[in-house]
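K.L.:
File entry_16.txt below, compact mmCIF, C-alpha atoms:
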# COMPACT_ATOMS: atom_id res chain seq x y z
CA MET T 41 0.00 0.00 0.00
CA SER T 42 1.37 3.42 -0.95
CA THR T 43 0.54 6.16 1.55
CA LEU T 44 0.79 9.94 1.26
CA ILE T 45 0.56 12.13 4.35
CA TYR T 46 -0.98 15.29 2.93
CA GLY T 47 -0.37 18.23 5.27
CA LEU T 48 1.95 18.02 8.24
CA GLY T 49 1.59 20.14 11.36
CA ARG T 50 0.38 18.58 14.62
CA SER T 51 -1.93 15.97 13.05
CA GLY T 52 0.45 15.04 10.23
CA ARG T 53 3.33 14.57 12.65
CA GLY T 54 1.17 12.22 14.71
CA VAL T 55 0.31 10.20 11.61
CA ALA T 56 3.96 10.01 10.60
CA ARG T 57 5.11 8.83 14.03
CA PHE T 58 2.37 6.20 14.09
CA LEU T 59 3.17 4.80 10.65
CA ALA T 60 6.89 4.73 11.38
CA ALA T 61 6.31 2.86 14.67
CA ARG T 62 4.39 0.20 12.72
CA GLY T 63 7.17 -0.14 10.19
CA GLU T 64 5.09 1.36 7.39
CA VAL T 65 6.67 3.49 4.68
CA ALA T 66 5.00 6.73 3.65
CA GLU T 67 5.69 9.91 1.75
CA TRP T 68 4.60 13.39 2.74
CA TYR T 69 3.51 16.57 1.05
CA ASP T 70 3.03 20.04 2.49
CA ALA T 71 3.02 23.29 0.54
CA ARG T 72 4.59 25.18 3.48
CA PRO T 73 6.37 22.69 5.76
CA GLN T 74 7.71 24.07 9.02
CA PRO T 75 11.30 23.36 10.13
CA GLN T 76 10.19 20.97 12.91
CA ASP T 77 8.09 19.05 10.37
CA LEU T 78 11.00 18.65 7.99
CA GLU T 79 13.30 17.58 10.81
CA LEU T 80 10.88 14.85 11.89
CA MET T 81 10.42 13.55 8.33
CA VAL T 82 14.18 13.21 7.97
CA GLN T 83 14.41 11.39 11.31
CA LEU T 84 11.68 8.96 10.27
CA GLY T 85 13.14 8.42 6.81
CA PHE T 86 10.02 9.62 4.99
CA GLY T 87 10.62 11.28 1.65
CA GLN T 88 8.66 14.07 0.00
CA GLY T 89 5.83 12.85 -2.20
CA ASP T 90 4.11 14.30 -5.23
CA PRO T 91 0.28 14.67 -5.23
CA ALA T 92 0.35 14.36 -9.01
CA ARG T 93 1.33 10.68 -8.61
CA PRO T 94 -1.18 7.94 -7.68
CA TYR T 95 -1.40 6.61 -4.11
CA THR T 96 -3.50 3.91 -2.48
CA ARG T 97 -4.19 5.90 0.67
CA VAL T 98 -3.99 9.60 1.52
CA VAL T 99 -4.15 10.73 5.15
CA ALA T 100 -5.09 14.41 4.96
CA ALA T 101 -4.63 16.98 7.73
CA PRO T 102 -7.84 18.58 9.05
CA GLY T 103 -6.84 21.99 7.75
CA VAL T 104 -6.81 20.84 4.12
CA PRO T 105 -10.24 21.54 2.55
CA ILE T 106 -12.14 18.44 1.52
CA ASP T 107 -12.52 19.84 -2.00
CA HIS T 108 -8.84 20.76 -2.42
CA PRO T 109 -7.89 20.13 -6.09
CA ASP T 110 -5.04 17.81 -5.10
CA LEU T 111 -7.34 15.66 -2.97
CA LEU T 112 -10.01 15.54 -5.66
CA ARG T 113 -7.42 14.44 -8.20
CA LEU T 114 -5.93 11.83 -5.85
CA GLY T 115 -9.40 10.48 -5.06
CA ALA T 116 -10.29 10.28 -8.74
CA GLY T 117 -7.09 8.30 -9.23
CA GLY T 118 -8.22 5.64 -6.79
CA ALA T 119 -6.79 6.85 -3.49
CA GLU T 120 -8.86 6.52 -0.34
CA ILE T 121 -8.90 9.88 1.47
CA LEU T 122 -9.14 9.69 5.24
CA GLY T 123 -8.05 11.53 8.37
CA GLU T 124 -6.06 10.75 11.49
CA VAL T 125 -9.14 9.76 13.53
CA GLU T 126 -10.30 7.23 10.93
CA LEU T 127 -6.79 5.79 10.78
CA ALA T 128 -6.74 5.36 14.56
CA TYR T 129 -10.22 3.83 14.59
CA ARG T 130 -9.23 1.18 12.04
CA ALA T 131 -5.89 0.42 13.66
CA PHE T 132 -7.31 -0.08 17.16
CA PRO T 133 -10.75 -1.66 16.69
CA ASP T 134 -10.76 -3.05 20.24
CA VAL T 135 -10.34 0.34 21.93
CA PRO T 136 -13.80 1.80 22.61
CA MET T 137 -14.06 5.47 21.74
CA VAL T 138 -16.08 8.36 23.05
CA GLY T 139 -16.37 11.05 20.38
CA VAL T 140 -17.16 14.64 21.35
CA THR T 141 -18.07 17.47 19.02
CA GLY T 142 -19.90 20.80 19.11
CA THR T 143 -19.42 24.44 18.26
CA ALA T 144 -18.27 25.27 21.80
CA GLY T 145 -17.36 23.31 24.90
CA LYS T 146 -16.12 20.14 23.21
CA GLY T 147 -12.57 20.41 24.56
CA SER T 148 -13.68 20.90 28.16
CA THR T 149 -16.20 18.07 27.84
CA THR T 150 -13.58 15.74 26.35
CA VAL T 151 -11.14 16.29 29.22
CA LEU T 152 -13.88 15.94 31.81
CA ILE T 153 -15.10 12.61 30.40
CA ALA T 154 -11.56 11.25 30.49
CA GLU T 155 -11.17 12.36 34.11
CA LEU T 156 -14.44 10.68 35.11
CA LEU T 157 -13.34 7.43 33.45
CA ARG T 158 -9.90 7.57 35.06
CA ALA T 159 -11.62 7.97 38.43
CA HIS T 160 -13.10 4.52 37.79
CA GLY T 161 -9.68 2.99 37.22
CA LEU T 162 -9.71 3.01 33.42
CA ARG T 163 -6.70 4.00 31.34
CA ALA T 164 -8.59 6.73 29.51
CA ARG T 165 -6.63 8.97 27.15
CA GLU T 166 -7.90 12.11 25.43
CA GLY T 167 -6.72 13.38 22.06
CA GLY T 168 -7.79 14.40 18.58
CA ASN T 169 -8.55 18.05 18.00
CA ILE T 170 -7.28 18.68 21.52
CA ASP T 171 -3.58 18.03 22.18
CA PRO T 172 -2.12 15.48 21.73
CA PRO T 173 -2.98 13.85 18.38
CA LEU T 174 -5.10 10.75 18.90
CA LEU T 175 -2.48 8.50 17.29
CA ASP T 176 0.07 9.61 19.90
CA VAL T 177 -1.96 8.19 22.81
CA ILE T 178 -4.35 5.49 21.62
CA ALA T 179 -1.83 2.64 21.87
CA GLN T 180 -1.67 3.21 25.64
CA ALA T 181 -5.44 3.59 26.08
CA GLU T 182 -8.13 1.26 27.35
CA VAL T 183 -10.60 3.93 26.29
CA ALA T 184 -10.03 6.89 23.95
CA VAL T 185 -11.95 10.13 24.36
CA VAL T 186 -11.72 12.07 21.11
CA GLU T 187 -12.45 15.74 20.53
CA LEU T 188 -13.65 16.10 16.94
CA SER T 189 -13.79 19.24 14.85
CA SER T 190 -16.03 19.62 11.82
CA PHE T 191 -12.88 19.42 9.68
CA GLN T 192 -11.97 16.03 11.14
CA LEU T 193 -15.53 14.76 10.79
CA GLU T 194 -15.39 15.32 7.04
CA ARG T 195 -12.91 12.41 6.81
CA VAL T 196 -14.37 9.58 8.90
CA PRO T 197 -15.94 7.22 6.33
CA SER T 198 -16.49 4.39 8.84
CA PHE T 199 -15.75 5.87 12.29
CA ARG T 200 -18.24 4.56 14.84
CA PRO T 201 -17.78 5.75 18.43
CA ALA T 202 -19.36 3.66 21.16
CA VAL T 203 -20.56 6.93 22.67
CA ALA T 204 -21.04 10.19 20.75
CA VAL T 205 -21.57 13.57 22.41
CA ILE T 206 -22.84 16.73 20.70
CA SER T 207 -22.44 19.72 23.01
CA ASN T 208 -24.17 22.30 20.81
CA LEU T 209 -24.39 23.44 17.21
CA GLY T 210 -23.98 27.11 16.39
CA VAL T 211 -22.41 29.06 13.55
CA ASP T 212 -18.73 28.64 12.70
CA HIS T 213 -16.27 27.95 9.89
CA LEU T 214 -18.54 29.25 7.13
CA ASP T 215 -15.41 30.15 5.16
CA ARG T 216 -14.65 26.40 5.00
CA HIS T 217 -18.09 24.79 4.80
CA GLY T 218 -19.96 27.47 2.86
CA SER T 219 -23.19 27.31 4.87
CA VAL T 220 -24.50 26.59 8.34
CA GLN T 221 -26.27 23.53 6.93
CA ALA T 222 -23.04 22.06 5.57
CA TYR T 223 -21.22 22.83 8.82
CA HIS T 224 -23.92 21.07 10.88
CA ALA T 225 -23.94 18.14 8.44
CA ALA T 226 -20.21 17.65 9.04
CA LYS T 227 -20.78 17.69 12.80
CA ARG T 228 -23.55 15.12 12.52
CA ASN T 229 -21.11 12.67 10.94
CA ILE T 230 -20.12 11.79 14.50
CA THR T 231 -23.22 9.60 14.74
CA ALA T 232 -23.65 8.61 11.08
CA HIS T 233 -22.29 5.07 11.57
CA GLN T 234 -23.62 4.37 15.03
CA THR T 235 -26.02 1.50 15.63
CA PRO T 236 -28.73 0.96 18.25
CA GLY T 237 -26.15 -0.56 20.60
CA ASP T 238 -24.26 2.72 20.74
CA ALA T 239 -25.17 5.89 22.62
CA LEU T 240 -25.73 9.45 21.41
CA ILE T 241 -25.74 12.16 24.07
CA LEU T 242 -27.17 15.59 23.42
CA ALA T 243 -26.09 18.29 25.84
CA PRO T 244 -28.60 20.75 27.34
CA GLY T 245 -27.27 23.51 25.06
CA LEU T 246 -28.63 21.78 21.97
CA ASP T 247 -31.84 23.55 21.00
CA VAL T 248 -35.01 21.69 20.04
CA PRO T 249 -34.79 22.24 16.24
CA THR T 250 -31.19 21.02 16.21
CA ARG T 251 -32.10 17.97 18.27
CA ALA T 252 -34.72 17.14 15.65
CA GLN T 253 -32.09 17.36 12.90
CA VAL T 254 -29.75 15.03 14.75
CA THR T 255 -32.25 12.44 15.96
CA HIS T 256 -34.30 12.22 12.77
CA PHE T 257 -31.95 9.69 11.20
CA ASP T 258 -29.93 8.51 14.17
CA PRO T 259 -30.30 4.84 15.17
CA ALA T 260 -28.21 5.08 18.33
CA ARG T 261 -29.52 4.99 21.86
CA LEU T 262 -30.40 8.65 22.57
CA LEU T 263 -29.63 10.19 25.96
CA LEU T 264 -30.52 13.78 26.85
CA ALA T 265 -28.24 15.44 29.39
CA SER T 266 -30.85 17.90 30.64
CA GLY T 267 -31.26 17.58 34.38
CA ARG T 268 -28.38 15.12 34.90
CA GLU T 269 -26.16 15.96 37.87
CA VAL T 270 -24.38 14.33 40.80
CA LEU T 271 -23.39 17.71 42.24
CA PRO T 272 -25.49 20.85 42.60
CA VAL T 273 -24.50 23.43 40.01
CA SER T 274 -23.32 25.73 42.82
CA GLU T 275 -20.70 23.13 43.82
CA LEU T 276 -19.12 22.77 40.38
CA PRO T 277 -15.59 24.17 40.15
CA GLU T 278 -15.18 27.53 38.49
CA GLY T 279 -14.92 27.21 34.73
CA ILE T 280 -16.84 23.91 34.50
CA HIS T 281 -20.04 24.62 32.59
CA PRO T 282 -23.08 22.76 33.98
CA GLY T 283 -24.12 21.59 30.51
CA ASN T 284 -20.68 20.16 29.81
CA ALA T 285 -20.67 18.45 33.21
CA ALA T 286 -24.08 16.89 32.54
CA ALA T 287 -23.03 15.59 29.13
CA ALA T 288 -19.74 14.26 30.51
CA LEU T 289 -21.53 12.38 33.28
CA LEU T 290 -23.88 10.66 30.85
CA ALA T 291 -21.02 9.83 28.49
CA ALA T 292 -18.93 8.27 31.26
CA GLU T 293 -21.91 6.26 32.50
CA ALA T 294 -22.77 5.07 28.99
CA LEU T 295 -19.21 3.95 28.32
CA LEU T 296 -18.95 2.17 31.66
CA THR T 297 -22.22 0.37 30.91
CA ARG T 298 -20.81 -0.64 27.53
CA LEU T 299 -17.88 -2.22 29.37
CA GLY T 300 -20.14 -3.99 31.85
CA ARG T 301 -19.13 -1.78 34.75
CA ALA T 302 -21.27 0.28 37.09
CA ALA T 303 -20.75 4.00 37.54
CA ASP T 304 -20.02 4.98 41.14
CA PRO T 305 -21.81 8.24 42.09
CA ASP T 306 -19.24 8.97 44.79
CA LEU T 307 -16.33 8.61 42.35
CA LEU T 308 -18.14 10.78 39.81
CA ALA T 309 -18.80 13.48 42.41
CA ALA T 310 -15.21 13.44 43.65
CA ALA T 311 -13.84 13.70 40.10
CA LEU T 312 -16.18 16.60 39.34
CA ARG T 313 -15.07 18.47 42.46
CA GLN T 314 -11.43 18.11 41.38
CA ALA T 315 -12.05 19.07 37.75
CA ARG T 316 -10.29 22.08 36.36
CA ALA T 317 -10.95 24.18 33.31
CA VAL T 318 -8.90 23.40 30.22
CA HIS T 319 -5.93 25.72 29.80
CA GLY T 320 -7.26 28.79 28.04
CA ARG T 321 -10.94 27.90 28.59
CA PHE T 322 -12.47 30.17 31.27
CA GLU T 323 -9.37 29.63 33.39
CA THR T 324 -8.90 31.79 36.49
CA VAL T 325 -5.24 32.75 36.33
CA ALA T 326 -5.19 35.07 39.35
CA ARG T 327 -7.30 36.46 42.19
CA LEU T 328 -6.68 39.49 44.33
CA GLN T 329 -8.61 40.40 47.46
CA THR T 330 -9.03 44.17 47.69
CA ALA T 331 -10.87 46.47 50.07
CA ALA T 332 -13.81 46.46 47.65
CA GLY T 333 -14.01 42.68 47.12
CA THR T 334 -12.42 40.06 44.85
CA LEU T 335 -10.70 40.93 41.59
CA ARG T 336 -10.51 37.92 39.21
CA PHE T 337 -8.55 37.53 35.99
CA ILE T 338 -9.96 34.93 33.59
CA ASN T 339 -8.17 33.58 30.52
CA ASP T 340 -10.76 32.45 27.97
CA SER T 341 -8.43 32.96 25.02
CA ILE T 342 -9.83 29.94 23.18
CA ALA T 343 -13.28 31.61 22.94
CA THR T 344 -13.66 32.67 19.29
CA ARG T 345 -17.21 31.38 18.78
CA THR T 346 -20.35 33.18 19.81
CA LEU T 347 -21.60 30.34 22.01
CA ALA T 348 -18.30 30.10 23.89
CA VAL T 349 -18.04 33.86 24.49
CA GLN T 350 -21.68 34.00 25.57
CA ALA T 351 -21.07 31.23 28.11
CA ALA T 352 -18.07 33.13 29.49
CA LEU T 353 -20.07 36.33 29.90
CA GLU T 354 -22.84 34.45 31.69
CA GLN T 355 -20.39 32.83 34.13
CA ALA T 356 -18.21 35.87 34.87
CA ALA T 357 -18.92 37.74 38.10
CA SER T 358 -19.99 41.38 37.73
CA PRO T 359 -18.72 43.96 37.11
CA VAL T 360 -16.75 42.83 34.06
CA ALA T 361 -14.05 44.52 32.01
CA TRP T 362 -14.13 42.52 28.79
CA LEU T 363 -11.09 42.20 26.50
CA VAL T 364 -12.09 41.67 22.86
CA GLY T 365 -9.97 41.59 19.73
CA GLY T 366 -7.94 39.53 17.30
CA ARG T 367 -9.06 38.72 13.78
CA ASP T 368 -12.79 38.60 13.07
CA LYS T 369 -14.08 35.38 11.51
CA GLY T 370 -17.69 36.47 11.19
CA ALA T 371 -19.00 36.07 14.74
CA ASP T 372 -22.65 36.84 15.47
CA LEU T 373 -22.49 39.65 18.05
CA GLU T 374 -26.20 40.04 18.82
CA PRO T 375 -26.34 37.34 21.54
CA LEU T 376 -23.21 38.86 23.08
CA ARG T 377 -24.78 42.30 23.37
CA GLU T 378 -27.63 40.75 25.31
CA ALA T 379 -25.35 38.71 27.58
CA ALA T 380 -23.19 41.77 28.35
CA GLN T 381 -26.03 44.13 29.27
CA GLY T 382 -25.92 45.15 32.92
CA LYS T 383 -22.72 43.17 33.49
CA VAL T 384 -19.92 44.62 31.34
CA VAL T 385 -18.80 48.08 32.43
CA ARG T 386 -16.11 48.52 29.75
CA VAL T 387 -15.05 46.73 26.58
CA ILE T 388 -11.29 46.86 25.96
CA GLY T 389 -10.58 46.52 22.24
CA PHE T 390 -7.19 45.27 21.02
CA GLY T 391 -5.62 43.87 17.89
CA GLU T 392 -6.72 43.81 14.27
CA ASP T 393 -10.49 43.91 14.75
CA GLY T 394 -10.74 45.04 18.35
CA GLU T 395 -12.13 48.43 17.40
CA ASN T 396 -14.76 46.89 15.10
CA PHE T 397 -15.90 44.54 17.86
CA ALA T 398 -15.96 47.28 20.47
CA ARG T 399 -18.00 49.68 18.34
CA ALA T 400 -20.44 46.98 17.18
CA LEU T 401 -21.18 45.79 20.72
CA GLY T 402 -22.66 49.17 21.62
CA LEU T 403 -21.07 49.31 25.09
CA PRO T 404 -18.62 51.78 26.64
CA TYR T 405 -15.20 50.93 25.25
CA PHE T 406 -11.53 51.83 25.27
CA LEU T 407 -8.99 50.90 22.58
CA VAL T 408 -5.38 49.87 23.17
CA GLY T 409 -2.45 49.18 20.90
CA GLY T 410 1.20 48.24 21.23
CA GLU T 411 4.38 47.57 19.32
CA SER T 412 4.11 43.86 20.11
CA GLY T 413 1.53 41.37 21.33
CA GLU T 414 3.13 41.51 24.77
CA GLU T 415 2.89 45.29 25.01
CA MET T 416 -0.63 45.30 23.61
CA MET T 417 -1.81 42.81 26.22
CA ASP T 418 -0.09 44.76 29.01
CA ASN T 419 -2.01 47.84 27.94
CA ALA T 420 -5.28 45.92 27.69
CA VAL T 421 -5.01 44.43 31.19
CA GLN T 422 -4.04 47.78 32.70
CA ALA T 423 -7.00 49.47 31.00
CA ALA T 424 -9.33 46.72 32.26
CA VAL T 425 -8.16 47.12 35.86
CA GLY T 426 -8.56 50.86 35.50
CA ALA T 427 -12.16 50.39 34.34
CA LEU T 428 -12.87 48.37 37.49
CA SER T 429 -11.21 50.98 39.74
CA LEU T 430 -13.33 54.04 38.96
CA ASP T 431 -15.09 54.05 42.33
CA GLY T 432 -12.20 52.90 44.49
CA PRO T 433 -10.13 49.70 44.79
CA PRO T 434 -10.76 47.34 41.88
CA GLN T 435 -13.17 44.43 42.14
CA GLY T 436 -14.99 42.29 39.60
CA THR T 437 -13.67 40.33 36.63
CA VAL T 438 -11.09 41.03 33.96
CA LEU T 439 -12.23 38.67 31.21
CA LEU T 440 -10.22 37.80 28.11
CA SER T 441 -12.87 36.24 25.88
CA PRO T 442 -11.75 37.77 22.62
CA ILE T 443 -14.23 36.69 19.87
CA GLY T 444 -11.49 37.03 17.24
CA THR T 445 -8.81 34.50 16.38
CA SER T 446 -5.26 35.00 17.64
CA PHE T 447 -3.51 35.06 14.29
CA ASP T 448 -3.21 38.83 14.00
CA ALA T 449 -0.52 39.07 16.70
CA PHE T 450 0.03 35.61 18.23
CA ARG T 451 0.99 32.11 17.10
CA ASP T 452 -2.21 30.60 18.53
CA TYR T 453 -4.77 31.02 21.31
CA GLN T 454 -2.38 29.44 23.83
CA GLU T 455 0.30 32.05 23.21
CA ARG T 456 -2.32 34.80 23.47
CA GLY T 457 -3.55 33.38 26.77
CA ASP T 458 -0.04 32.97 28.13
CA THR T 459 0.71 36.57 27.19
CA PHE T 460 -2.42 37.64 29.06
CA THR T 461 -1.30 35.69 32.14
CA ARG T 462 2.11 37.37 32.13
CA ALA T 463 0.46 40.77 31.78
CA VAL T 464 -1.79 39.94 34.75
CA GLN T 465 1.18 39.04 36.91
CA ARG T 466 2.86 42.34 36.10
CA VAL T 467 -0.29 44.29 36.94
CA LEU T 468 -0.73 42.35 40.19
CA THR T 469 2.82 43.26 41.20
CA GLN T 470 1.95 46.91 40.64
CA LEU T 471 -1.30 46.67 42.58
CA GLN T 472 0.32 44.92 45.51
CA SER T 473 3.06 47.52 45.64
CA GLN T 474 0.28 50.12 45.95
CA GLU T 475 -1.10 48.15 48.96
CA VAL T 476 -4.59 47.69 47.58
CA THR T 477 -4.89 44.27 49.22
CA LEU T 478 -6.39 43.83 52.69
Output the file's structure in the form of structure tokens.
P.N.:
Amino acid sequence: MSTLIYGLGRSGRGVARFLAARGEVAEWYDARPQPQDLELMVQLGFGQGDPARPYTRVVAAPGVPIDHPDLLRLGAGGAEILGEVELAYRAFPDVPMVGVTGTAGKGSTTVLIAELLRAHGLRAREGGNIDPPLLDVIAQAEVAVVELSSFQLERVPSFRPAVAVISNLGVDHLDRHGSVQAYHAAKRNITAHQTPGDALILAPGLDVPTRAQVTHFDPARLLLASGREVLPVSELPEGIHPGNAAAALLAAEALLTRLGRAADPDLLAAALRQARAVHGRFETVARLQTAAGTLRFINDSIATRTLAVQAALEQAASPVAWLVGGRDKGADLEPLREAAQGKVVRVIGFGEDGENFARALGLPYFLVGGESGEEMMDNAVQAAVGALSLDGPPQGTVLLSPIGTSFDAFRDYQERGDTFTRAVQRVLTQLQSQEVTL
């Protein structure tokens, strides 16, 4: 079998390491390979391929459009086009998988499910769209919990998770899919090959019309997460959304049932109490007790979708100074205006489209700039603290939930969030030197 790895990056590197470990030979192609990609290909002994030649199998990176001319030509020449997740599914048929998708919350839900399963003594490993690549961890897993993007779900011709979770379906990636309908259709591929012995879990955030779309054709055992809890919502750790917790509980229980094991409510409750937000997902990076109350700094850098930002605004404690910016990818701002009313005292706009966001939200705003991403974030955090200090010592929430992508000034959302955290630490040092703490 001749194999071409089309597109390197995180997913492609995982595919290459996996094939090399199995003694398989492959070629690679990437229009803009990064130095670390090239270094790995040399180490593995994989040569550069040519998409104009025929191949039996092409493993394409999620970022490569499904209708890319090279892939269409390769497919017409007889190649099977698949993705990393499909490759893992076929290679490890005895490892049950929990698949998680949605417009927002899928990463947090994925990690939480894995934690709940580990609490029951299972070797559960998470991967996929969330770090690490699935192929890097599945060989060590008794159970794999897989975060799945719409891009990945375009290339799963036979993937059948034992348990599928859909957290919600909003609007995203229209530049790739062309329409909301096509985007939702890609998401629904998570359950396309399930059978009545499998489970499909719909989180509380899935509205009634969308539920009808999903369940109309689905043969799997349907479980609705509404009302499921082992802890009162008030006892959930900060940053753990109740809807994600409910879906994760049902998913863990369904998988345990599949394995012939009983879920232990005490273990589930203990694991929930210890759960922590995913790095960059509504993550409290600092707290300061002042004479006026508590000042919190929350890194929600990953939030570039309307549903995710809306959830952050709803969870943040008032008053809020809200940092928005980055590169606009067509977010719907109307729900955000509603969520911010009466809670956000100042919008701090930064980056390429920060001013556009700030003006469109219709709230009091202040714009910041900088010669670098680091300086820009310093200025944004200082302006946010200033907005919460108008009537005395600061209190409330400084929330980075930016709406826009990070690619205007940062490598990715993680770098943006880490830059925010460093800026927070510098501001805290200043505040403490001014003796604003009790």
K.L.:
Dump as JSON lines the rows for residues of region 172-258 of chain T within 6 Å of region 42-54 of chain T: closest atom pair and distance in Å with one decimal, all atoms listed in the file counted, ordered by chain and rising residue number.
P.N.:
{"residue": "T:Pro173", "atom": "CA", "partner": "T:Gly54", "partner_atom": "CA", "distance": 5.8}
{"residue": "T:Leu175", "atom": "CA", "partner": "T:Gly54", "partner_atom": "CA", "distance": 5.8}
{"residue": "T:Asp176", "atom": "CA", "partner": "T:Gly54", "partner_atom": "CA", "distance": 5.9}
K.L.:
Skipping near chain neighbours, those fewer than 5 positions away, what residues fall within 12 Å of Gln465 (chain T) using all atoms listed in the file, listed as a list in words?
P.N.:
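So the residues in contact are Val325, Ala326, Arg327, Leu328, Arg336, Phe337, Met417, Asp418, Val421, Gln422, Asp458, Thr459, Phe460, Gln470, Leu471 and Gln472 of chain T.
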K.L.:
Smallest atom-to-atom distance to Ala315 (chain T): which of T:Gly147, T:Val385, T:Ile153, T:Arg301, using only C-alpha atoms?
P.N.:
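So, comparing all the options, the nearest one is T:Ile153.
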K.L.:
Using all atoms listed in the file, which residue out of T:Val99, T:Ala310, T:Val270, T:Leu401 lies closest to Arg158 (chain T)?
P.N.:
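The answer is T:Ala310, which sits nearest to Arg158 (chain T).
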K.L.:
T:Ala225, T:Val82, T:Leu59, T:Ala164: which is nearest Thr150 (chain T), counting all atoms listed in the file?
P.N.:
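Going through T:Ala225, T:Val82, T:Leu59, T:Ala164 one by one, the smallest distance to Thr150 (chain T) is for T:Ala164.
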K.L.:
Show me the residues around (-20.5, 9.1, 17.5) - criterion: an atom at most 8 Å away, all atoms listed in the file counted - as a PDB file with C-alpha atoms, keeping the file's coordinate frame.
P.N.:
ATOM      1  CA  VAL T 138     -16.080   8.360  23.050  1.00  0.00           C
ATOM      2  CA  GLY T 139     -16.370  11.050  20.380  1.00  0.00           C
ATOM      3  CA  VAL T 140     -17.160  14.640  21.350  1.00  0.00           C
ATOM      4  CA  PHE T 199     -15.750   5.870  12.290  1.00  0.00           C
ATOM      5  CA  ARG T 200     -18.240   4.560  14.840  1.00  0.00           C
ATOM      6  CA  PRO T 201     -17.780   5.750  18.430  1.00  0.00           C
ATOM      7  CA  ALA T 202     -19.360   3.660  21.160  1.00  0.00           C
ATOM      8  CA  VAL T 203     -20.560   6.930  22.670  1.00  0.00           C
ATOM      9  CA  ALA T 204     -21.040  10.190  20.750  1.00  0.00           C
ATOM     10  CA  VAL T 205     -21.570  13.570  22.410  1.00  0.00           C
ATOM     11  CA  ASN T 229     -21.110  12.670  10.940  1.00  0.00           C
ATOM     12  CA  ILE T 230     -20.120  11.790  14.500  1.00  0.00           C
ATOM     13  CA  THR T 231     -23.220   9.600  14.740  1.00  0.00           C
ATOM     14  CA  ALA T 232     -23.650   8.610  11.080  1.00  0.00           C
ATOM     15  CA  HIS T 233     -22.290   5.070  11.570  1.00  0.00           C
ATOM     16  CA  GLN T 234     -23.620   4.370  15.030  1.00  0.00           C
ATOM     17  CA  ALA T 239     -25.170   5.890  22.620  1.00  0.00           C
ATOM     18  CA  LEU T 240     -25.730   9.450  21.410  1.00  0.00           C
TER      19      LEU T 240
END
K.L.:
Check the smallest atom-to-atom distance from each of T:Glu323, T:Glu79, T:Glu354, T:Asp368 to Gly394 (chain T) using all atoms listed in the file, then report the winner.
P.N.:
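Between T:Glu323, T:Glu79, T:Glu354, T:Asp368, the residue approaching Gly394 (chain T) most closely is T:Asp368.
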K.L.:
For each of T:Thr461, T:Asp258, T:Gly366, T:Glu67, take the minimum atom-to-atom distance to Asn396 (chain T), counting only C-alpha atoms, then give the residue where this is smallest.
P.N.:
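Looking only at the distances to Asn396 (chain T), the closest residue turns out to be T:Gly366.
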K.L.:
Suppose you want the space between CA of Leu78 (chain T) and CA of Ala119 (chain T); what is it in Å?
P.N.:
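Between CA of Leu78 (chain T) and CA of Ala119 (chain T) the gap works out to 24.2 Å.
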K.L.:
Could you check the closest approach to Ala332 (chain T) for each of T:Pro244, T:Gly436, T:Gly237, T:Gly279 and tell me which residue wins, using only C-alpha atoms?
P.N.:
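Closest residue, counting only C-alpha atoms: T:Gly436.
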K.L.:
Write out as a PDB file with C-alpha atoms, keeping the file's coordinate frame each polymer residue whose atoms come within 9 Å of Leu376 (chain T), counting all atoms listed in the file; drop sequence neighbours fewer than 4 positions from it.
P.N.:
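Written file, around.pdb:
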ATOM      1  CA  THR T 346     -20.350  33.180  19.810  1.00  0.00           C
ATOM      2  CA  LEU T 347     -21.600  30.340  22.010  1.00  0.00           C
ATOM      3  CA  VAL T 349     -18.040  33.860  24.490  1.00  0.00           C
ATOM      4  CA  GLN T 350     -21.680  34.000  25.570  1.00  0.00           C
ATOM      5  CA  LEU T 353     -20.070  36.330  29.900  1.00  0.00           C
ATOM      6  CA  ASP T 372     -22.650  36.840  15.470  1.00  0.00           C
ATOM      7  CA  ALA T 380     -23.190  41.770  28.350  1.00  0.00           C
ATOM      8  CA  GLN T 381     -26.030  44.130  29.270  1.00  0.00           C
ATOM      9  CA  LEU T 401     -21.180  45.790  20.720  1.00  0.00           C
TER      10      LEU T 401
END
K.L.:
For region 391-395 of chain T, where the input has fewer atoms than it should, I would like N, CA, C and O atoms rebuilt and written as a short mmCIF file (atom, residue, chain, number, x, y, z; two decimals), in the coordinates of the input.
P.N.:
data_model
loop_
_atom_site.label_atom_id
_atom_site.label_comp_id
_atom_site.auth_asym_id
_atom_site.auth_seq_id
_atom_site.Cartn_x
_atom_site.Cartn_y
_atom_site.Cartn_z
N GLY T 391 -5.93 44.67 19.07
CA GLY T 391 -5.62 43.87 17.89
C GLY T 391 -6.34 44.33 16.63
O GLY T 391 -6.98 45.39 16.57
N GLU T 392 -6.29 43.47 15.63
CA GLU T 392 -6.72 43.81 14.27
C GLU T 392 -8.17 44.27 14.20
O GLU T 392 -8.48 45.26 13.53
N ASP T 393 -9.07 43.57 14.84
CA ASP T 393 -10.49 43.91 14.75
C ASP T 393 -11.09 44.30 16.10
O ASP T 393 -12.32 44.33 16.25
N GLY T 394 -10.24 44.64 17.05
CA GLY T 394 -10.74 45.04 18.35
C GLY T 394 -11.66 46.25 18.30
O GLY T 394 -12.69 46.30 18.98
N GLU T 395 -11.29 47.24 17.49
CA GLU T 395 -12.13 48.43 17.40
C GLU T 395 -13.49 48.10 16.77
O GLU T 395 -14.53 48.58 17.22
#
